[in-house]
file work_22.cif (mmCIF, C-alpha atoms)
data_entry
#
loop_
_atom_site.group_PDB
_atom_site.id
_atom_site.type_symbol
_atom_site.label_atom_id
_atom_site.label_comp_id
_atom_site.auth_asym_id
_atom_site.auth_seq_id
_atom_site.Cartn_x
_atom_site.Cartn_y
_atom_site.Cartn_z
ATOM 1 C CA MET N 268 -22.434 -16.210 16.257
ATOM 2 C CA LEU N 269 -19.061 -14.487 16.356
ATOM 3 C CA LYS N 270 -19.738 -10.755 15.964
ATOM 4 C CA VAL N 271 -16.988 -9.338 13.746
ATOM 5 C CA GLY N 272 -15.727 -5.872 12.932
ATOM 6 C CA LEU N 273 -13.779 -5.464 9.688
ATOM 7 C CA LEU N 274 -11.098 -2.776 9.741
ATOM 8 C CA GLY N 275 -10.304 -1.908 6.135
ATOM 9 C CA ALA N 276 -12.654 -1.952 3.136
ATOM 10 C CA GLY N 277 -10.100 -2.136 0.332
ATOM 11 C CA ARG N 278 -9.448 -5.004 -2.074
ATOM 12 C CA ILE N 279 -8.438 -7.566 0.543
ATOM 13 C CA GLY N 280 -11.041 -6.288 2.997
ATOM 14 C CA GLN N 281 -13.720 -7.048 0.432
ATOM 15 C CA VAL N 282 -12.423 -10.612 0.094
ATOM 16 C CA HIS N 283 -12.600 -11.085 3.848
ATOM 17 C CA ALA N 284 -16.081 -9.554 4.037
ATOM 18 C CA VAL N 285 -17.421 -12.285 1.757
ATOM 19 C CA ASN N 286 -16.041 -14.998 4.036
ATOM 20 C CA ILE N 287 -17.104 -13.365 7.309
ATOM 21 C CA ALA N 288 -20.658 -12.814 6.094
ATOM 22 C CA GLY N 289 -20.870 -16.224 4.450
ATOM 23 C CA HIS N 290 -19.663 -18.281 7.416
ATOM 24 C CA GLN N 291 -22.322 -20.102 9.416
ATOM 25 C CA ASN N 292 -20.760 -19.084 12.738
ATOM 26 C CA SER N 293 -19.786 -15.448 12.141
ATOM 27 C CA GLU N 294 -21.595 -12.225 11.405
ATOM 28 C CA LEU N 295 -20.152 -9.033 9.920
ATOM 29 C CA VAL N 296 -21.568 -6.280 12.125
ATOM 30 C CA ALA N 297 -19.305 -3.284 11.440
ATOM 31 C CA VAL N 298 -16.865 -1.961 8.830
ATOM 32 C CA SER N 299 -14.365 0.887 9.032
ATOM 33 C CA ASP N 300 -12.049 2.521 6.513
ATOM 34 C CA ILE N 301 -10.208 5.822 6.186
ATOM 35 C CA HIS N 302 -12.385 6.336 3.108
ATOM 36 C CA GLU N 303 -15.871 6.577 4.605
ATOM 37 C CA ASP N 304 -17.647 5.964 1.314
ATOM 38 C CA ALA N 305 -15.803 2.650 0.907
ATOM 39 C CA ALA N 306 -16.785 1.567 4.413
ATOM 40 C CA GLN N 307 -20.397 2.562 3.844
ATOM 41 C CA ALA N 308 -20.633 0.733 0.519
ATOM 42 C CA LEU N 309 -19.151 -2.496 1.888
ATOM 43 C CA ALA N 310 -21.185 -2.357 5.104
ATOM 44 C CA ALA N 311 -24.423 -1.796 3.195
ATOM 45 C CA LYS N 312 -23.717 -4.818 1.015
ATOM 46 C CA TYR N 313 -23.753 -7.115 4.052
ATOM 47 C CA GLY N 314 -26.196 -5.354 6.348
ATOM 48 C CA ALA N 315 -23.450 -4.080 8.661
ATOM 49 C CA ALA N 316 -22.794 -0.617 10.060
ATOM 50 C CA ALA N 317 -20.062 1.725 8.853
ATOM 51 C CA ARG N 318 -18.291 2.998 11.967
ATOM 52 C CA PRO N 319 -14.922 4.474 12.974
ATOM 53 C CA SER N 320 -12.330 1.909 14.048
ATOM 54 C CA GLU N 321 -12.191 3.430 17.539
ATOM 55 C CA ASP N 322 -15.917 2.848 18.029
ATOM 56 C CA ILE N 323 -15.707 -0.736 16.807
ATOM 57 C CA LEU N 324 -12.868 -1.493 19.219
ATOM 58 C CA LYS N 325 -14.770 0.024 22.153
ATOM 59 C CA ASP N 326 -17.947 -1.924 21.430
ATOM 60 C CA ASP N 327 -18.351 -4.853 23.827
ATOM 61 C CA GLY N 328 -20.785 -6.385 21.349
ATOM 62 C CA VAL N 329 -17.957 -6.987 18.869
ATOM 63 C CA ASP N 330 -16.154 -10.249 19.640
ATOM 64 C CA ALA N 331 -13.407 -10.143 17.023
ATOM 65 C CA VAL N 332 -11.830 -7.855 14.456
ATOM 66 C CA LEU N 333 -10.174 -8.563 11.157
ATOM 67 C CA VAL N 334 -7.410 -6.070 10.369
ATOM 68 C CA ALA N 335 -7.112 -5.422 6.632
ATOM 69 C CA THR N 336 -5.715 -1.906 6.802
ATOM 70 C CA SER N 337 -2.354 -0.534 5.633
ATOM 71 C CA THR N 338 0.734 -2.242 7.075
ATOM 72 C CA ASP N 339 1.818 0.740 9.159
ATOM 73 C CA THR N 340 -1.381 0.428 11.247
ATOM 74 C CA HIS N 341 -1.262 -3.322 11.948
ATOM 75 C CA ALA N 342 0.728 -3.350 15.196
ATOM 76 C CA ASP N 343 -1.224 -0.447 16.710
ATOM 77 C CA LEU N 344 -4.566 -2.053 15.864
ATOM 78 C CA ILE N 345 -3.521 -5.484 17.179
ATOM 79 C CA GLU N 346 -2.519 -3.893 20.480
ATOM 80 C CA ALA N 347 -5.686 -1.797 20.729
ATOM 81 C CA ALA N 348 -7.967 -4.690 19.796
ATOM 82 C CA THR N 349 -6.432 -7.213 22.196
ATOM 83 C CA ALA N 350 -6.430 -4.627 24.989
ATOM 84 C CA ALA N 351 -10.153 -4.197 24.309
ATOM 85 C CA GLY N 352 -10.685 -7.939 24.693
ATOM 86 C CA LYS N 353 -11.101 -8.799 21.023
ATOM 87 C CA ALA N 354 -9.783 -11.807 19.120
ATOM 88 C CA VAL N 355 -7.791 -10.651 16.087
ATOM 89 C CA LEU N 356 -7.023 -11.873 12.594
ATOM 90 C CA CYS N 357 -4.502 -9.505 11.023
ATOM 91 C CA GLU N 358 -3.193 -9.452 7.483
ATOM 92 C CA LYS N 359 0.565 -9.893 7.080
ATOM 93 C CA PRO N 360 3.034 -8.481 7.994
ATOM 94 C CA VAL N 361 2.727 -7.547 11.650
ATOM 95 C CA ASP N 362 4.893 -4.497 10.907
ATOM 96 C CA LEU N 363 7.836 -3.561 8.716
ATOM 97 C CA SER N 364 10.001 -3.117 11.820
ATOM 98 C CA LEU N 365 11.037 -6.281 13.635
ATOM 99 C CA GLU N 366 11.443 -4.410 16.907
ATOM 100 C CA ARG N 367 7.957 -2.947 16.595
ATOM 101 C CA ALA N 368 6.559 -6.389 15.800
ATOM 102 C CA LYS N 369 8.258 -7.853 18.886
ATOM 103 C CA ALA N 370 6.798 -5.095 21.046
ATOM 104 C CA CYS N 371 3.361 -5.833 19.607
ATOM 105 C CA LEU N 372 3.775 -9.520 20.431
ATOM 106 C CA ALA N 373 4.725 -8.716 24.015
ATOM 107 C CA ALA N 374 1.764 -6.363 24.448
ATOM 108 C CA ALA N 375 -0.748 -8.777 22.935
ATOM 109 C CA GLU N 376 0.507 -11.696 25.022
ATOM 110 C CA LYS N 377 -0.166 -9.738 28.212
ATOM 111 C CA THR N 378 -3.860 -9.508 27.317
ATOM 112 C CA GLY N 379 -4.233 -13.226 26.740
ATOM 113 C CA ARG N 380 -6.400 -12.605 23.685
ATOM 114 C CA PRO N 381 -5.891 -14.802 20.598
ATOM 115 C CA VAL N 382 -4.196 -13.289 17.531
ATOM 116 C CA MET N 383 -3.790 -14.916 14.149
ATOM 117 C CA VAL N 384 -1.638 -13.614 11.285
ATOM 118 C CA GLY N 385 -3.041 -13.909 7.768
ATOM 119 C CA PHE N 386 -0.576 -16.173 6.005
ATOM 120 C CA ASN N 387 -3.345 -17.567 3.862
ATOM 121 C CA ARG N 388 -1.181 -19.898 1.776
ATOM 122 C CA ARG N 389 -1.055 -22.382 4.649
ATOM 123 C CA PHE N 390 -4.758 -22.939 4.014
ATOM 124 C CA ASP N 391 -4.488 -23.630 0.295
ATOM 125 C CA PRO N 392 -5.873 -27.174 -0.132
ATOM 126 C CA ASN N 393 -2.820 -28.327 -2.112
ATOM 127 C CA PHE N 394 -0.174 -26.891 0.203
ATOM 128 C CA SER N 395 -1.978 -28.084 3.324
ATOM 129 C CA ALA N 396 -2.260 -31.590 1.835
ATOM 130 C CA LEU N 397 1.486 -31.557 1.160
ATOM 131 C CA LYS N 398 2.153 -30.502 4.748
ATOM 132 C CA ARG N 399 -0.077 -33.272 6.136
ATOM 133 C CA ALA N 400 1.645 -35.870 3.979
ATOM 134 C CA ALA N 401 5.081 -34.688 5.088
ATOM 135 C CA ASP N 402 4.071 -34.720 8.755
ATOM 136 C CA ALA N 403 2.670 -38.223 8.322
ATOM 137 C CA GLY N 404 6.108 -39.396 7.216
ATOM 138 C CA GLU N 405 5.048 -40.326 3.686
ATOM 139 C CA ILE N 406 8.465 -39.356 2.243
ATOM 140 C CA GLY N 407 10.533 -39.933 5.366
ATOM 141 C CA LYS N 408 12.618 -37.122 6.773
ATOM 142 C CA SER N 409 12.406 -33.942 4.687
ATOM 143 C CA GLU N 410 15.721 -32.753 3.295
ATOM 144 C CA LEU N 411 15.232 -30.164 0.541
ATOM 145 C CA LEU N 412 12.345 -27.727 0.011
ATOM 146 C CA SER N 413 11.811 -25.689 -3.150
ATOM 147 C CA VAL N 414 9.283 -22.836 -3.254
ATOM 148 C CA THR N 415 8.489 -20.952 -6.470
ATOM 149 C CA SER N 416 6.420 -17.759 -6.299
ATOM 150 C CA PHE N 417 6.218 -15.551 -9.381
ATOM 151 C CA ASP N 418 3.768 -12.665 -9.775
ATOM 152 C CA PRO N 419 2.301 -12.027 -13.236
ATOM 153 C CA ALA N 420 3.397 -8.365 -13.266
ATOM 154 C CA PRO N 421 5.137 -5.908 -10.924
ATOM 155 C CA PRO N 422 3.162 -3.550 -8.689
ATOM 156 C CA PRO N 423 3.296 0.236 -9.169
ATOM 157 C CA VAL N 424 6.563 1.817 -8.035
ATOM 158 C CA SER N 425 4.532 3.970 -5.644
ATOM 159 C CA TYR N 426 3.589 0.752 -3.834
ATOM 160 C CA VAL N 427 7.134 -0.602 -3.915
ATOM 161 C CA LYS N 428 8.403 2.514 -2.140
ATOM 162 C CA VAL N 429 6.209 1.878 0.928
ATOM 163 C CA SER N 430 6.098 -1.940 0.837
ATOM 164 C CA GLY N 431 9.232 -2.614 2.870
ATOM 165 C CA GLY N 432 10.872 -4.373 -0.074
ATOM 166 C CA LEU N 433 10.351 -7.683 -1.840
ATOM 167 C CA PHE N 434 11.685 -9.783 1.035
ATOM 168 C CA ARG N 435 9.290 -8.253 3.601
ATOM 169 C CA ASP N 436 6.342 -7.764 1.271
ATOM 170 C CA MET N 437 6.277 -10.654 -1.201
ATOM 171 C CA MET N 438 8.692 -13.362 -0.083
ATOM 172 C CA ILE N 439 7.520 -13.171 3.531
ATOM 173 C CA HIS N 440 4.709 -15.544 2.489
ATOM 174 C CA ASP N 441 7.315 -18.045 1.341
ATOM 175 C CA PHE N 442 9.401 -17.611 4.485
ATOM 176 C CA ASP N 443 6.344 -18.497 6.527
ATOM 177 C CA MET N 444 5.656 -21.444 4.229
ATOM 178 C CA ALA N 445 9.218 -22.722 4.630
ATOM 179 C CA CYS N 446 9.200 -22.419 8.433
ATOM 180 C CA TRP N 447 5.780 -24.110 8.554
ATOM 181 C CA ILE N 448 6.673 -27.024 6.308
ATOM 182 C CA MET N 449 10.124 -27.538 7.832
ATOM 183 C CA GLY N 450 8.828 -27.182 11.376
ATOM 184 C CA GLY N 451 10.741 -24.215 12.768
ATOM 185 C CA ALA N 452 13.118 -21.337 12.209
ATOM 186 C CA PRO N 453 16.118 -21.644 9.892
ATOM 187 C CA GLN N 454 19.588 -21.007 11.243
ATOM 188 C CA LYS N 455 21.087 -19.102 8.287
ATOM 189 C CA VAL N 456 19.780 -17.072 5.345
ATOM 190 C CA PHE N 457 21.590 -16.217 2.126
ATOM 191 C CA ALA N 458 19.868 -13.942 -0.385
ATOM 192 C CA THR N 459 20.659 -12.551 -3.787
ATOM 193 C CA GLY N 460 18.492 -10.248 -5.861
ATOM 194 C CA SER N 461 18.435 -7.846 -8.765
ATOM 195 C CA SER N 462 16.146 -5.434 -10.548
ATOM 196 C CA ILE N 463 15.760 -6.647 -14.127
ATOM 197 C CA VAL N 464 11.990 -6.482 -14.571
ATOM 198 C CA ASP N 465 11.566 -2.745 -13.971
ATOM 199 C CA PRO N 466 14.543 -0.374 -13.545
ATOM 200 C CA GLU N 467 12.313 1.969 -11.547
ATOM 201 C CA ILE N 468 12.017 -0.699 -8.850
ATOM 202 C CA GLY N 469 15.803 -0.737 -8.587
ATOM 203 C CA ALA N 470 15.866 3.059 -8.477
ATOM 204 C CA ALA N 471 13.442 2.851 -5.543
ATOM 205 C CA GLY N 472 15.974 0.677 -3.686
ATOM 206 C CA ASP N 473 14.237 -2.672 -4.139
ATOM 207 C CA VAL N 474 14.657 -5.842 -6.197
ATOM 208 C CA ASP N 475 12.127 -7.588 -8.425
ATOM 209 C CA THR N 476 13.938 -10.899 -8.910
ATOM 210 C CA ALA N 477 15.424 -12.844 -6.016
ATOM 211 C CA ALA N 478 16.562 -16.235 -4.752
ATOM 212 C CA VAL N 479 17.076 -17.129 -1.096
ATOM 213 C CA THR N 480 18.607 -20.182 0.526
ATOM 214 C CA LEU N 481 17.568 -21.094 4.062
ATOM 215 C CA SER N 482 19.556 -23.650 6.064
ATOM 216 C CA TRP N 483 18.614 -25.435 9.254
ATOM 217 C CA ALA N 484 20.956 -26.649 11.993
ATOM 218 C CA ASP N 485 20.381 -30.287 11.018
ATOM 219 C CA GLY N 486 21.464 -29.701 7.414
ATOM 220 C CA ARG N 487 18.056 -29.320 5.752
ATOM 221 C CA ILE N 488 17.809 -26.657 3.060
ATOM 222 C CA ALA N 489 15.057 -24.579 1.442
ATOM 223 C CA VAL N 490 15.393 -22.611 -1.778
ATOM 224 C CA ILE N 491 12.899 -19.832 -2.507
ATOM 225 C CA LYS N 492 12.588 -18.108 -5.876
ATOM 226 C CA ASN N 493 10.579 -14.904 -6.443
ATOM 227 C CA SER N 494 9.968 -12.790 -9.515
ATOM 228 C CA ARG N 495 7.667 -9.857 -10.099
ATOM 229 C CA ARG N 496 7.079 -10.984 -13.707
ATOM 230 C CA ALA N 497 5.720 -14.247 -15.067
ATOM 231 C CA VAL N 498 3.881 -13.387 -18.283
ATOM 232 C CA TYR N 499 1.909 -16.658 -18.222
ATOM 233 C CA GLY N 500 0.212 -16.048 -14.851
ATOM 234 C CA TYR N 501 0.612 -16.553 -11.116
ATOM 235 C CA ASP N 502 3.203 -19.302 -10.652
ATOM 236 C CA GLN N 503 2.888 -20.968 -7.234
ATOM 237 C CA ARG N 504 4.639 -24.321 -6.750
ATOM 238 C CA VAL N 505 6.155 -26.278 -3.878
ATOM 239 C CA GLU N 506 8.354 -29.387 -3.943
ATOM 240 C CA LEU N 507 9.621 -31.249 -0.893
ATOM 241 C CA LEU N 508 12.286 -33.932 -1.269
ATOM 242 C CA GLY N 509 12.624 -36.497 1.480
ATOM 243 C CA VAL N 510 14.557 -39.673 2.222
ATOM 244 C CA ASP N 511 11.822 -41.841 0.701
ATOM 245 C CA GLY N 512 10.478 -39.698 -2.110
ATOM 246 C CA LEU N 513 9.104 -36.359 -3.297
ATOM 247 C CA LEU N 514 5.961 -34.379 -2.556
ATOM 248 C CA GLY N 515 4.897 -31.699 -5.003
ATOM 249 C CA ALA N 516 2.060 -29.161 -5.242
ATOM 250 C CA LYS N 517 1.616 -27.829 -8.756
ATOM 251 C CA ASN N 518 -0.045 -24.723 -10.150
ATOM 252 C CA VAL N 519 -3.811 -24.316 -10.181
ATOM 253 C CA LEU N 520 -4.801 -23.821 -13.815
ATOM 254 C CA GLU N 521 -7.589 -21.722 -15.309
ATOM 255 C CA ASN N 522 -9.272 -24.935 -16.417
ATOM 256 C CA THR N 523 -8.473 -28.639 -16.668
ATOM 257 C CA VAL N 524 -8.870 -28.996 -20.444
ATOM 258 C CA GLU N 525 -5.856 -30.567 -22.110
ATOM 259 C CA LYS N 526 -5.292 -30.891 -25.871
ATOM 260 C CA ILE N 527 -2.989 -33.686 -27.023
ATOM 261 C CA THR N 528 -1.945 -33.879 -30.675
ATOM 262 C CA VAL N 529 1.050 -35.030 -32.663
ATOM 263 C CA GLU N 530 2.558 -31.618 -31.919
ATOM 264 C CA GLY N 531 2.439 -32.162 -28.132
ATOM 265 C CA ASN N 532 0.348 -31.346 -25.086
ATOM 266 C CA ILE N 533 -1.347 -28.002 -24.504
ATOM 267 C CA SER N 534 -3.086 -26.997 -21.274
ATOM 268 C CA ALA N 535 -4.420 -23.814 -19.695
ATOM 269 C CA LYS N 536 -2.270 -21.204 -17.987
ATOM 270 C CA PRO N 537 -2.044 -20.827 -14.188
ATOM 271 C CA GLU N 538 -4.703 -18.701 -12.501
ATOM 272 C CA TYR N 539 -3.828 -15.063 -13.121
ATOM 273 C CA PHE N 540 -3.198 -13.662 -9.617
ATOM 274 C CA PHE N 541 -3.707 -14.188 -5.903
ATOM 275 C CA LEU N 542 -7.417 -13.327 -5.769
ATOM 276 C CA GLU N 543 -8.163 -16.066 -8.278
ATOM 277 C CA ARG N 544 -5.578 -18.514 -6.944
ATOM 278 C CA TYR N 545 -6.257 -18.279 -3.221
ATOM 279 C CA MET N 546 -9.987 -17.649 -2.780
ATOM 280 C CA ARG N 547 -10.464 -21.131 -1.289
ATOM 281 C CA ALA N 548 -7.500 -20.509 0.996
ATOM 282 C CA TYR N 549 -8.993 -17.274 2.328
ATOM 283 C CA ALA N 550 -12.266 -19.043 3.113
ATOM 284 C CA ALA N 551 -10.443 -21.882 4.869
ATOM 285 C CA GLU N 552 -8.309 -19.374 6.773
ATOM 286 C CA TRP N 553 -11.398 -17.625 8.141
ATOM 287 C CA ASP N 554 -13.007 -20.931 9.091
ATOM 288 C CA ALA N 555 -9.845 -21.918 10.981
ATOM 289 C CA PHE N 556 -9.863 -18.599 12.841
ATOM 290 C CA VAL N 557 -13.524 -18.899 13.848
ATOM 291 C CA THR N 558 -13.005 -22.484 14.986
ATOM 292 C CA ALA N 559 -9.983 -21.551 17.091
ATOM 293 C CA VAL N 560 -11.816 -18.652 18.747
ATOM 294 C CA LYS N 561 -14.892 -20.727 19.541
ATOM 295 C CA THR N 562 -12.966 -23.765 20.815
ATOM 296 C CA GLY N 563 -10.166 -21.894 22.595
ATOM 297 C CA LYS N 564 -7.501 -23.791 20.677
ATOM 298 C CA THR N 565 -4.172 -22.253 19.666
ATOM 299 C CA MET N 566 -4.371 -20.135 16.548
ATOM 300 C CA PRO N 567 -3.158 -22.041 13.456
ATOM 301 C CA VAL N 568 -0.848 -19.122 12.590
ATOM 302 C CA THR N 569 0.287 -17.390 15.758
ATOM 303 C CA LEU N 570 1.508 -13.842 16.209
ATOM 304 C CA GLU N 571 4.874 -15.318 17.212
ATOM 305 C CA GLU N 572 5.060 -17.069 13.838
ATOM 306 C CA GLY N 573 4.286 -13.765 12.161
ATOM 307 C CA VAL N 574 7.239 -12.210 13.959
ATOM 308 C CA LEU N 575 9.439 -15.149 12.902
ATOM 309 C CA ALA N 576 8.585 -14.653 9.219
ATOM 310 C CA LEU N 577 9.524 -10.984 9.540
ATOM 311 C CA ALA N 578 12.810 -11.909 11.233
ATOM 312 C CA VAL N 579 13.675 -14.182 8.307
ATOM 313 C CA ALA N 580 12.741 -11.395 5.884
ATOM 314 C CA ASP N 581 15.017 -9.003 7.769
ATOM 315 C CA ALA N 582 17.871 -11.508 7.572
ATOM 316 C CA ALA N 583 17.301 -11.920 3.825
ATOM 317 C CA THR N 584 17.294 -8.156 3.321
ATOM 318 C CA LEU N 585 20.591 -7.817 5.208
ATOM 319 C CA SER N 586 22.114 -10.759 3.349
ATOM 320 C CA HIS N 587 21.250 -9.195 0.005
ATOM 321 C CA GLN N 588 22.794 -5.912 1.113
ATOM 322 C CA THR N 589 26.017 -7.463 2.437
ATOM 323 C CA GLY N 590 26.436 -10.458 0.157
ATOM 324 C CA GLU N 591 26.923 -12.700 3.190
ATOM 325 C CA ALA N 592 24.880 -15.358 4.970
ATOM 326 C CA VAL N 593 23.004 -13.944 7.965
ATOM 327 C CA SER N 594 21.795 -15.663 11.128
ATOM 328 C CA VAL N 595 18.105 -15.366 11.972
ATOM 329 C CA SER N 596 17.756 -13.223 15.086
ATOM 330 C CA LEU N 597 14.601 -13.258 17.209
#

call {"tool": "encode", "arguments": {"input": "work_22.cif", "output": "structure tokens"}}
result
Amino acid sequence: MLKVGLLGAGRIGQVHAVNIAGHQNSELVAVSDIHEDAAQALAAKYGAAARPSEDILKDDGVDAVLVATSTDTHADLIEAATAAGKAVLCEKPVDLSLERAKACLAAAEKTGRPVMVGFNRRFDPNFSALKRAADAGEIGKSELLSVTSFDPAPPPVSYVKVSGGLFRDMMIHDFDMACWIMGGAPQKVFATGSSIVDPEIGAAGDVDTAAVTLSWADGRIAVIKNSRRAVYGYDQRVELLGVDGLLGAKNVLENTVEKITVEGNISAKPEYFFLERYMRAYAAEWDAFVTAVKTGKTMPVTLEEGVLALAVADAATLSHQTGEAVSVSL
């Protein structure tokens, strides 16, 4: 059994706790959080111990840690955990600073310990099936990728102010998706955005509606659309056009009931938000991490790929600010 320490007992930490405790090859042995009562409650639920993060990292009986703490702690905890000999699964992003993320990558690589970044959408059954089909050549060479990602409602402005901005916080998932599906880093990024959902988001220096075009050296293109408001639910779609056809992954609906009358077709809305939409993806993500640790295979989402997604997000942020296309710099 892989003995696991969970760092962070908040909303996403609770999701991960379910998967760690429920996996046949892992055991949740310790939980930490800056709010001790939260750590104690979550630990008690799964028969684990509530302990400070420092103690968990020092414990030779802990094989791996899952980092689900605030973004500003991610790089420090990755470095400390790998230096202590632990395998690490860390929620995105690695950091809000590209330079800090690069330094973290360099430090972790020196330890030789495996690190995986939590871009869970790669493990969604529909998106992963699309990726497999594309890699198998079912539509020939890919030429144009379209990614739609709309949240049902904007987050609190207090969150926006510390999030690093839409491109680093929200669209970074889609940047990783694009690089993954297209098989590498784009050459150029052009971004445009505005604040039309909530003026307070604009006052905080961020955007809530954005479109980004990524271009590769061989002429392939990806278009990513984000909005903080889709009143009908969590809109998550991918389309990939190739020489020989189109692959598409549609929304997951609340149910599969469809009513057809003379007035038309009516079906359910998309799942409301990410916890409903991606629960299967989180479980598959954890299984992939455990398998990679136990077999010694390369992590399915490497720390280097996490740094790449942040580099693309930085380029998009600069493009939006300048109104010009920006090269991706690693």

call {"tool": "atom_distance", "arguments": {"input": "work_22.cif", "atom1": "CA of Leu309 (chain N)", "atom2": "CA of Ala297 (chain N)"}}
result
9.6 Å

call {"tool": "resolve_selection", "arguments": {"input": "work_22.cif", "expression": "the PyMOL selection byres ((chain N and resi 565) around 12)", "output": "list of chain:residue names"}}
result
N:Ala354, N:Gly379, N:Arg380, N:Pro381, N:Val382, N:Met383, N:Ala555, N:Phe556, N:Val557, N:Thr558, N:Ala559, N:Val560, N:Lys561, N:Thr562, N:Gly563, N:Lys564, N:Met566, N:Pro567, N:Val568, N:Thr569, N:Leu570, N:Glu571

call {"tool": "atom_distance", "arguments": {"input": "work_22.cif", "atom1": "CA of Ala550 (chain N)", "atom2": "CA of Ser395 (chain N)"}}
result
13.7 Å

call {"tool": "closest_residue", "arguments": {"input": "work_22.cif", "among": "N:Trp553, N:Val427, N:Asp443, N:Pro419", "to": "Val271 (chain N)", "atoms": "only C-alpha atoms"}}
result
N:Trp553

call {"tool": "residues_around", "arguments": {"input": "work_22.cif", "residues": "region 321-333 of chain N", "least_positions_apart": "5", "cutoff": "10 Å", "atoms": "all atoms listed in the file", "output": "VMD selection string"}}
result
chain N and resid 268 to 275 280 283 to 284 287 293 to 299 316 344 to 345 347 to 358 380 to 385 553 557 560

call {"tool": "closest_residue", "arguments": {"input": "work_22.cif", "among": "N:Ala592, N:Ala375, N:Ala535, N:Ala335", "to": "Phe457 (chain N)", "atoms": "only C-alpha atoms"}}
result
N:Ala592

call {"tool": "closest_atom_pairs", "arguments": {"input": "work_22.cif", "of": "region 347-441 of chain N", "to": "region 496-504 of chain N", "cutoff": "9 Å", "atoms": "all atoms listed in the file", "output": "JSON lines"}}
result
{"residue": "N:Phe394", "atom": "CA", "partner": "N:Arg504", "partner_atom": "CA", "distance": 8.8}
{"residue": "N:Ser413", "atom": "CA", "partner": "N:Arg504", "partner_atom": "CA", "distance": 8.1}
{"residue": "N:Val414", "atom": "CA", "partner": "N:Arg504", "partner_atom": "CA", "distance": 6.0}
{"residue": "N:Thr415", "atom": "CA", "partner": "N:Arg504", "partner_atom": "CA", "distance": 5.1}
{"residue": "N:Ser416", "atom": "CA", "partner": "N:Gln503", "partner_atom": "CA", "distance": 4.9}
{"residue": "N:Phe417", "atom": "CA", "partner": "N:Asp502", "partner_atom": "CA", "distance": 5.0}
{"residue": "N:Asp418", "atom": "CA", "partner": "N:Tyr501", "partner_atom": "CA", "distance": 5.2}
{"residue": "N:Pro419", "atom": "CA", "partner": "N:Ala497", "partner_atom": "CA", "distance": 4.5}
{"residue": "N:Ala420", "atom": "CA", "partner": "N:Arg496", "partner_atom": "CA", "distance": 4.5}
{"residue": "N:Pro421", "atom": "CA", "partner": "N:Arg496", "partner_atom": "CA", "distance": 6.1}

call {"tool": "resolve_selection", "arguments": {"input": "work_22.cif", "expression": "the PyMOL selection byres ((chain N and resi 522) around 9)", "output": "ChimeraX atom specification"}}
result
/N:519-521,523-525,534-538

call {"tool": "write_last_selection", "arguments": {"input": "work_22.cif", "atoms": "C-alpha atoms", "output": "tab-separated table (two decimals), in the coordinates of the input"}}
result
chain	number	residue	atom	x	y	z
N	519	VAL	CA	-3.81	-24.32	-10.18
N	520	LEU	CA	-4.80	-23.82	-13.82
N	521	GLU	CA	-7.59	-21.72	-15.31
N	523	THR	CA	-8.47	-28.64	-16.67
N	524	VAL	CA	-8.87	-29.00	-20.44
N	525	GLU	CA	-5.86	-30.57	-22.11
N	534	SER	CA	-3.09	-27.00	-21.27
N	535	ALA	CA	-4.42	-23.81	-19.70
N	536	LYS	CA	-2.27	-21.20	-17.99
N	537	PRO	CA	-2.04	-20.83	-14.19
N	538	GLU	CA	-4.70	-18.70	-12.50

call {"tool": "resolve_selection", "arguments": {"input": "work_22.cif", "expression": "the PyMOL selection byres ((chain N and resi 464) around 8)", "output": "mmCIF file with C-alpha atoms, in the coordinates of the input"}}
result
data_model
loop_
_atom_site.group_PDB
_atom_site.id
_atom_site.type_symbol
_atom_site.label_atom_id
_atom_site.label_comp_id
_atom_site.auth_asym_id
_atom_site.auth_seq_id
_atom_site.Cartn_x
_atom_site.Cartn_y
_atom_site.Cartn_z
ATOM 1 C CA PRO N 421 5.137 -5.908 -10.924
ATOM 2 C CA SER N 462 16.146 -5.434 -10.548
ATOM 3 C CA ILE N 463 15.760 -6.647 -14.127
ATOM 4 C CA ASP N 465 11.566 -2.745 -13.971
ATOM 5 C CA PRO N 466 14.543 -0.374 -13.545
ATOM 6 C CA ASP N 475 12.127 -7.588 -8.425
ATOM 7 C CA THR N 476 13.938 -10.899 -8.910
ATOM 8 C CA ARG N 495 7.667 -9.857 -10.099
ATOM 9 C CA ARG N 496 7.079 -10.984 -13.707
#

call {"tool": "closest_residue", "arguments": {"input": "work_22.cif", "among": "N:Val479, N:Ala548, N:Val593, N:Val574", "to": "Lys455 (chain N)", "atoms": "only C-alpha atoms"}}
result
N:Val593
